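A.B. asks: Contents of data.tsv (TSV, C-alpha atoms (C1' of nucleotides)):
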```tsv
chain	number	residue	atom	x	y	z
A	1	MET	CA	-1.70	-3.49	-4.33
A	2	PRO	CA	0.78	-3.18	-1.55
A	3	GLU	CA	3.31	-0.85	-0.08
A	4	GLY	CA	5.95	1.41	-1.55
A	5	PRO	CA	8.45	-1.30	-2.53
A	6	GLU	CA	5.86	-3.40	-4.33
A	7	ILE	CA	4.49	-0.36	-6.17
A	8	ARG	CA	7.97	0.65	-7.26
A	9	ARG	CA	8.78	-2.83	-8.47
A	10	ALA	CA	5.56	-2.81	-10.45
A	11	ALA	CA	6.51	0.55	-11.96
A	12	ASP	CA	9.90	-0.84	-12.98
A	13	ARG	CA	8.34	-3.84	-14.69
A	14	LEU	CA	5.72	-1.78	-16.48
A	15	ALA	CA	8.25	0.78	-17.64
A	16	ALA	CA	10.55	-1.89	-19.02
A	17	ALA	CA	7.65	-3.35	-20.98
A	18	VAL	CA	6.14	-0.29	-22.63
A	19	VAL	CA	8.08	2.96	-22.18
A	20	GLY	CA	9.03	4.47	-25.50
A	21	LEU	CA	6.68	2.40	-27.60
A	22	PRO	CA	3.76	4.07	-29.38
A	23	LEU	CA	0.34	2.86	-28.29
A	24	GLN	CA	-1.69	0.82	-30.71
A	25	SER	CA	-4.78	0.93	-28.56
A	26	ALA	CA	-5.97	2.26	-25.23
A	27	TRP	CA	-8.99	1.08	-23.30
A	28	PHE	CA	-10.55	2.34	-20.08
A	29	ALA	CA	-13.44	0.73	-18.24
A	30	PHE	CA	-14.51	4.10	-16.89
A	31	PRO	CA	-17.02	6.07	-18.97
A	32	ALA	CA	-15.42	9.34	-17.89
A	33	LEU	CA	-12.14	8.29	-19.49
A	34	LYS	CA	-13.50	6.86	-22.74
A	35	SER	CA	-12.91	10.12	-24.56
A	36	HIS	CA	-9.17	9.81	-23.93
A	37	GLU	CA	-8.78	6.45	-25.62
A	38	ALA	CA	-8.55	7.68	-29.20
A	39	SER	CA	-6.27	10.59	-28.35
A	40	LEU	CA	-3.68	8.31	-26.74
A	41	VAL	CA	-3.31	6.02	-29.73
A	42	GLY	CA	-0.06	6.65	-31.58
A	43	HIS	CA	1.50	8.38	-28.61
A	44	ARG	CA	4.31	7.02	-26.49
A	45	ILE	CA	4.50	6.43	-22.78
A	46	GLU	CA	7.38	8.60	-21.65
A	47	ALA	CA	7.66	7.33	-18.09
A	48	ILE	CA	5.93	5.27	-15.42
A	49	THR	CA	6.86	6.56	-11.99
A	50	PRO	CA	5.76	5.79	-8.43
A	51	HIS	CA	4.89	8.62	-6.07
A	52	GLY	CA	4.38	6.98	-2.73
A	53	LYS	CA	1.84	4.30	-3.57
A	54	ALA	CA	0.41	6.18	-6.54
A	55	LEU	CA	1.60	5.53	-10.08
A	56	LEU	CA	1.90	8.12	-12.83
A	57	THR	CA	1.93	7.01	-16.47
A	58	ARG	CA	3.02	9.97	-18.55
A	59	PHE	CA	2.36	10.21	-22.29
A	60	ASP	CA	4.14	12.37	-24.83
A	61	ASN	CA	0.98	14.29	-25.65
A	62	GLY	CA	0.80	16.10	-22.32
A	63	TRP	CA	-1.52	13.68	-20.54
A	64	THR	CA	-0.77	11.55	-17.49
A	65	VAL	CA	-2.73	8.64	-16.07
A	66	TYR	CA	-2.94	8.80	-12.27
A	67	SER	CA	-3.64	5.45	-10.63
A	68	HIS	CA	-3.77	4.23	-7.07
A	69	ASN	CA	-4.24	0.54	-6.50
A	70	GLN	CA	-5.44	0.74	-2.92
A	71	LEU	CA	-5.66	-2.83	-1.61
A	72	TYR	CA	-6.79	-4.55	-4.74
A	73	GLY	CA	-5.34	-3.16	-7.94
A	74	VAL	CA	-2.91	-5.32	-9.85
A	75	TRP	CA	-0.89	-4.43	-12.93
A	76	LYS	CA	-0.07	-7.21	-15.32
A	77	ILE	CA	2.07	-7.32	-18.43
A	78	ALA	CA	0.88	-9.27	-21.43
A	79	ALA	CA	2.53	-10.22	-24.68
A	80	ALA	CA	1.01	-8.59	-27.74
A	81	GLY	CA	-2.48	-9.89	-28.38
A	82	GLU	CA	-2.56	-11.91	-25.18
A	83	ARG	CA	-4.83	-11.44	-22.18
A	84	PRO	CA	-3.71	-13.17	-19.00
A	85	GLY	CA	-6.62	-14.79	-17.23
A	86	SER	CA	-7.76	-13.06	-14.10
A	87	THR	CA	-10.70	-13.37	-11.79
A	88	ARG	CA	-10.51	-9.63	-11.33
A	89	SER	CA	-12.15	-7.08	-13.55
A	90	LEU	CA	-10.06	-5.35	-16.18
A	91	ARG	CA	-10.03	-1.56	-15.83
A	92	VAL	CA	-7.25	-0.27	-18.07
A	93	ALA	CA	-5.47	-1.76	-21.09
A	94	LEU	CA	-2.64	0.05	-22.84
A	95	ASP	CA	-1.33	-1.88	-25.84
A	96	THR	CA	1.83	-1.41	-27.83
A	97	GLY	CA	2.73	-3.66	-30.70
A	98	ARG	CA	5.07	-5.62	-28.50
A	99	SER	CA	3.36	-5.83	-25.13
A	100	SER	CA	0.52	-4.44	-23.09
A	101	ILE	CA	0.04	-3.31	-19.54
A	102	LEU	CA	-3.26	-4.20	-17.92
A	103	LEU	CA	-4.68	-2.85	-14.69
A	104	TYR	CA	-7.17	-4.97	-12.79
A	105	SER	CA	-9.41	-3.83	-9.96
A	106	ALA	CA	-7.88	-0.46	-9.17
A	107	SER	CA	-10.32	1.88	-7.53
A	108	ASP	CA	-8.76	5.18	-8.43
A	109	ILE	CA	-7.94	6.09	-12.06
A	110	GLU	CA	-7.81	9.65	-13.35
A	111	MET	CA	-6.50	11.53	-16.37
A	112	TRP	CA	-4.54	14.70	-15.60
A	113	ARG	CA	-2.59	17.17	-17.68
A	114	SER	CA	1.05	16.34	-17.02
A	115	ASP	CA	1.75	19.93	-16.07
A	116	ASP	CA	-0.97	19.87	-13.41
A	117	VAL	CA	-0.79	16.38	-11.95
A	118	HIS	CA	1.53	17.50	-9.16
A	119	ARG	CA	-1.51	19.34	-7.85
A	120	HIS	CA	-3.42	16.11	-7.37
A	121	PRO	CA	-4.75	16.17	-3.78
A	122	PHE	CA	-3.12	12.88	-2.89
A	123	LEU	CA	0.25	13.83	-4.35
A	124	MET	CA	0.08	17.27	-2.76
A	125	LYS	CA	0.10	15.87	0.73
A	126	LEU	CA	2.84	13.26	0.28
A	127	GLY	CA	6.05	13.58	2.23
A	128	PRO	CA	9.41	12.47	0.80
A	129	ASP	CA	9.39	8.98	-0.66
A	130	VAL	CA	11.25	6.42	1.47
A	131	LEU	CA	12.51	4.87	-1.76
A	132	ASP	CA	13.82	8.12	-3.20
A	133	PRO	CA	17.54	7.36	-3.48
A	134	THR	CA	18.42	10.97	-2.69
A	135	LEU	CA	16.63	10.88	0.67
A	136	THR	CA	19.16	10.64	3.50
A	137	ALA	CA	18.89	9.35	7.06
A	138	VAL	CA	19.89	12.80	8.26
A	139	ALA	CA	16.93	14.31	6.45
A	140	VAL	CA	14.61	11.69	7.93
A	141	ALA	CA	16.00	12.35	11.42
A	142	GLU	CA	15.31	16.03	10.96
A	143	ARG	CA	11.81	15.29	9.76
A	144	LEU	CA	11.18	13.17	12.86
A	145	GLN	CA	11.88	16.29	14.92
A	146	ASP	CA	9.71	18.57	12.81
A	147	PRO	CA	6.99	20.18	14.96
A	148	ARG	CA	4.37	18.59	12.71
A	149	PHE	CA	5.54	15.08	13.55
A	150	ARG	CA	7.59	15.00	16.74
A	151	GLY	CA	4.61	14.74	19.09
A	152	ARG	CA	2.86	11.88	17.34
A	153	ALA	CA	2.92	8.21	18.24
A	154	LEU	CA	5.20	6.26	15.91
A	155	GLY	CA	2.52	3.69	15.20
A	156	ALA	CA	0.35	6.31	13.51
A	157	LEU	CA	3.19	8.43	12.18
A	158	LEU	CA	4.79	5.59	10.24
A	159	LEU	CA	1.62	5.04	8.24
A	160	ASP	CA	1.06	8.71	7.51
A	161	GLN	CA	1.97	9.35	3.89
A	162	ALA	CA	2.48	13.01	4.71
A	163	PHE	CA	5.39	11.99	6.90
A	164	LEU	CA	7.07	9.55	4.53
A	165	ALA	CA	5.41	8.38	1.35
A	166	GLY	CA	5.52	4.70	0.49
A	167	MET	CA	5.52	3.40	4.05
A	168	GLY	CA	2.92	0.74	4.77
A	169	ASN	CA	1.67	-1.70	7.30
A	170	TYR	CA	4.23	-4.50	7.10
A	171	LEU	CA	7.06	-1.97	6.86
A	172	ARG	CA	5.78	-0.30	10.02
A	173	SER	CA	6.11	-3.43	12.14
A	174	GLU	CA	9.50	-4.29	10.70
A	175	VAL	CA	10.91	-0.77	11.13
A	176	LEU	CA	9.75	-0.47	14.74
A	177	PHE	CA	11.22	-3.87	15.55
A	178	ALA	CA	14.54	-3.07	13.89
A	179	ALA	CA	14.71	0.24	15.74
A	180	GLY	CA	13.75	-1.43	19.05
A	181	LEU	CA	10.87	0.95	19.64
A	182	LEU	CA	7.27	0.50	20.71
A	183	PRO	CA	4.53	2.09	18.59
A	184	GLU	CA	3.41	4.27	21.51
A	185	ARG	CA	6.72	6.13	21.57
A	186	LYS	CA	6.92	9.64	20.16
A	187	PRO	CA	9.91	11.18	18.37
A	188	ALA	CA	10.00	13.93	20.99
A	189	ASP	CA	10.72	11.38	23.70
A	190	LEU	CA	13.55	9.59	21.92
A	191	THR	CA	17.25	10.01	22.49
A	192	PRO	CA	19.38	11.29	19.61
A	193	ALA	CA	20.73	7.77	19.15
A	194	GLN	CA	17.20	6.36	18.94
A	195	ILE	CA	16.23	9.02	16.41
A	196	ARG	CA	19.24	8.12	14.31
A	197	ALA	CA	18.48	4.39	14.51
A	198	LEU	CA	14.84	4.93	13.59
A	199	ALA	CA	15.76	7.19	10.68
A	200	ARG	CA	18.24	4.63	9.43
A	201	GLU	CA	15.72	1.77	9.55
A	202	LEU	CA	13.00	3.90	7.95
A	203	LEU	CA	15.17	3.96	4.85
A	204	ALA	CA	17.00	0.64	5.10
A	205	ILE	CA	13.99	-1.64	5.43
A	206	PRO	CA	11.88	-0.30	2.55
A	207	ARG	CA	15.00	-0.25	0.39
A	208	ARG	CA	15.87	-3.82	1.26
A	209	SER	CA	12.34	-4.91	0.52
A	210	TYR	CA	12.50	-3.14	-2.82
A	211	ALA	CA	15.92	-4.45	-3.76
A	212	THR	CA	15.38	-8.10	-2.85
A	213	ARG	CA	12.84	-10.57	-3.97
A	214	GLY	CA	12.12	-13.94	-2.55
A	215	ILE	CA	10.66	-17.01	-4.14
A	216	GLU	CA	7.60	-17.98	-2.18
A	217	PRO	CA	4.62	-15.99	-1.03
A	218	ALA	CA	4.67	-15.50	2.72
A	219	LYS	CA	2.12	-17.46	4.69
A	220	GLY	CA	-1.13	-15.60	4.92
A	221	MET	CA	-0.05	-13.12	2.27
A	222	ARG	CA	-1.51	-12.84	-1.18
A	223	GLY	CA	-0.79	-11.31	-4.50
A	224	ASP	CA	2.66	-9.94	-5.12
A	225	TYR	CA	4.22	-10.47	-1.74
A	226	LEU	CA	7.27	-12.52	-2.41
A	227	THR	CA	9.02	-12.92	0.88
A	228	ASP	CA	10.34	-15.16	3.51
A	229	THR	CA	13.25	-16.80	1.80
A	230	PRO	CA	16.86	-16.52	2.90
A	231	GLU	CA	17.83	-14.56	-0.19
A	232	GLY	CA	14.76	-12.36	-0.19
A	233	PHE	CA	13.13	-9.91	2.13
A	234	ARG	CA	12.08	-11.63	5.30
A	235	PHE	CA	9.49	-10.64	7.86
A	236	LEU	CA	11.04	-10.76	11.32
A	237	VAL	CA	7.84	-9.97	13.22
A	238	PHE	CA	5.06	-9.13	10.79
A	239	ASP	CA	2.47	-11.90	10.54
A	240	ARG	CA	4.42	-13.95	13.08
A	241	GLU	CA	2.17	-13.86	16.10
A	242	GLY	CA	3.17	-16.50	18.65
A	243	GLN	CA	6.44	-17.30	16.94
A	244	PRO	CA	9.75	-16.73	18.73
A	245	CYS	CA	11.44	-13.39	18.29
A	246	PRO	CA	14.49	-13.91	16.04
A	247	GLN	CA	16.58	-11.83	18.45
A	248	CYS	CA	15.54	-12.97	21.92
A	249	GLY	CA	13.15	-15.87	21.51
A	250	ALA	CA	10.23	-14.23	23.29
A	251	ARG	CA	6.79	-14.66	21.74
A	252	ILE	CA	5.92	-12.14	19.08
A	253	VAL	CA	2.63	-10.47	19.90
A	254	ARG	CA	0.00	-8.91	17.70
A	255	GLN	CA	-1.86	-5.78	18.64
A	256	GLU	CA	-4.09	-3.26	16.96
A	257	SER	CA	-2.66	0.12	16.10
A	258	GLY	CA	-4.85	2.52	14.24
A	259	SER	CA	-7.19	-0.40	13.50
A	260	ARG	CA	-4.38	-2.06	11.58
A	261	ARG	CA	-2.52	-5.09	12.77
A	262	LEU	CA	0.93	-4.55	14.22
A	263	TYR	CA	3.42	-7.15	15.44
A	264	LEU	CA	6.17	-6.63	17.96
A	265	CYS	CA	8.50	-8.16	20.53
A	266	ARG	CA	7.88	-6.82	24.02
A	267	ARG	CA	11.36	-7.69	25.15
A	268	CYS	CA	13.29	-6.16	22.24
A	269	GLN	CA	11.16	-3.05	21.84
A	270	ALA	CA	10.77	-0.40	24.51
B	1	DC	C1'	-4.08	19.38	16.62
B	2	DT	C1'	-4.31	14.10	17.35
B	3	DT	C1'	-6.52	9.77	17.77
B	4	DT	C1'	-10.14	6.52	16.70
B	5	DA	C1'	-13.72	4.33	14.10
B	6	DA	C1'	-16.30	3.48	10.29
B	7	DA	C1'	-16.89	3.37	5.42
B	8	DC	C1'	-15.47	2.33	0.90
B	9	DC	C1'	-13.17	-0.36	-2.93
B	10	DT	C1'	-12.77	-5.69	-4.28
B	11	DG	C1'	-10.95	-10.39	-3.85
B	12	DC	C1'	-9.60	-14.31	-1.26
B	13	DT	C1'	-9.84	-17.61	2.74
B	14	DG	C1'	-11.81	-20.37	6.07
B	15	DG	C1'	-15.59	-22.25	8.36
B	16	DC	C1'	-20.04	-24.30	8.38
C	1	DT	C1'	-19.45	-28.35	-3.14
C	2	DG	C1'	-21.47	-23.82	-2.00
C	3	DC	C1'	-22.37	-19.81	0.52
C	4	DC	C1'	-21.12	-16.26	3.69
C	5	DA	C1'	-18.72	-13.86	7.17
C	6	DG	C1'	-14.53	-12.01	7.97
C	7	DC	C1'	-10.25	-10.27	6.66
C	8	DA	C1'	-6.78	-7.64	3.86
C	9	DG	C1'	-1.04	-4.66	2.03
C	10	DG	C1'	-4.94	1.65	1.69
C	11	DT	C1'	-7.23	6.00	2.11
C	12	DT	C1'	-10.83	9.24	3.30
C	13	DT	C1'	-14.16	11.08	6.26
C	14	DA	C1'	-16.30	12.14	10.44
C	15	DA	C1'	-16.51	12.00	15.17
C	16	DA	C1'	-14.44	12.16	19.70
```
How does the structure come out when it is put into structure tokens?

C.D. replies:
Amino acid sequence: MPEGPEIRRAADRLAAAVVGLPLQSAWFAFPALKSHEASLVGHRIEAITPHGKALLTRFDNGWTVYSHNQLYGVWKIAAAGERPGSTRSLRVALDTGRSSILLYSASDIEMWRSDDVHRHPFLMKLGPDVLDPTLTAVAVAERLQDPRFRGRALGALLLDQAFLAGMGNYLRSEVLFAAGLLPERKPADLTPAQIRALARELLAIPRRSYATRGIEPAKGMRGDYLTDTPEGFRFLVFDREGQPCPQCGARIVRQESGSRRLYLCRRCQA
DNA sequence: CTTTAAACCTGCTGGC
DNA sequence: TGCCAGCAGGTTTAAA
């Protein structure tokens, strides 16, 4: 599944469904995890938390399930005894008496001791989470000027989870457009005002995506993208090649950046 | 160090 | 209708 906001929304839904309830059964598709099934039964899920695009499901017996959905994983919530139909393959099922959480198609599932999971290689390298409510625009502006990041092209930097965790490909296009910057620009070349604007949008856009939800899936999008309605999060440039720029009317163009698609307005971004 | 490309995971879409 | 190539919101690895 998707980018930081979608992962965090999934975590919220899952937590509301099962946190605090003792497990009646646990099932893993992976042979390496089979031995954990019996030991989880009777124990409660203490928390389900996103870390960038990874999800940690922590149990009260000292174990934590690490999961990363990559492009394909989808969490679903089922009523007790129910199994929602899916064309995808079921990988994890954690059942309480009231409801279950089911993970389909994830490629990366591991069991870690809760005390050690912060040493997971993926979590180790993550920068601050764009959806961490304590992260400030000032801190992001400072990070943009960190020697590790200031010389890198924004197009690559904005996808680097070591810079800011939770950023993703649609957020990248939207943030660069909102900040009026081309992906070739580097933090070192920006004016203080541009740094401030970029830092502000790096927080504002993921947060708006997380906080709002639309009604209809965006054209060309699949799965949990719920966008493109007046009351929800709306793509201004992403996936809008050839359409008029909402600010100036020029054609939105698509280009490759880091072998990922990126959309921009050549008149509004410089 | 940074950038780029390919590979991998799996599911869906569009074209023939 | 059916099959297949191509594409996708991500990440890792290797090469340049």

A.B. asks: Can you tell me, as a PyMOL selection string, what residues are no more than 6 Å from segment 7-11 of chain C when counting all atoms listed in the file, ignoring any on the same chain fewer than 4 positions away?

C.D. replies: chain A and resi 2+70-71

A.B. asks: Return the neighbours of chain B among the residues of chain A, cut-off 9 Å, counting only C-alpha atoms (C1' of nucleotides), as a ChimeraX atom specification.

C.D. replies: /A:70-73,87-88,105-108,152,156,222,258-259

A.B. asks: Provide the atom CA of Phe59 of chain A to atom CA of Arg83 of chain A distance in Å, to one decimal place.

C.D. replies: 22.8 Å

A.B. asks: How many Å separate atom CA of Leu236 of chain A from atom CA of Leu176 of chain A?

C.D. replies: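 Separating atom CA of Leu236 of chain A from atom CA of Leu176 of chain A is a distance of 10.9 Å.
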
A.B. asks: What does the distance from atom CA of Ala15 of chain A to atom CA of Ala47 of chain A come to in Å, to one decimal?

C.D. replies: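 Value for the atom CA of Ala15 of chain A-atom CA of Ala47 of chain A distance: 6.6 Å.
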
A.B. asks: With all atoms listed in the file as the atoms that count, which of A:Leu157, A:Ile7, A:Ala17, A:Leu264 lies nearest to chain C?

C.D. replies: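 Residue with the minimum atom-to-atom distance to chain C: A:Ile7.
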
A.B. asks: Would you mind listing what lies within 12 Å of Glu256 of chain A as number ranges by chain, with all atoms listed in the file counted and same-chain residues fewer than 3 positions away left out?

C.D. replies: A: 155-156, 169, 173, 183-184, 253, 259-264; B: 4

A.B. asks: Identify the residues within 10 Å of coordinate (1.4, 9.0, -16.9) (same frame as the file), considering only C-alpha atoms (C1' of nucleotides), and give the answer as a ChimeraX atom specification.

C.D. replies: /A:45-49,55-60,62-67,110-114,117
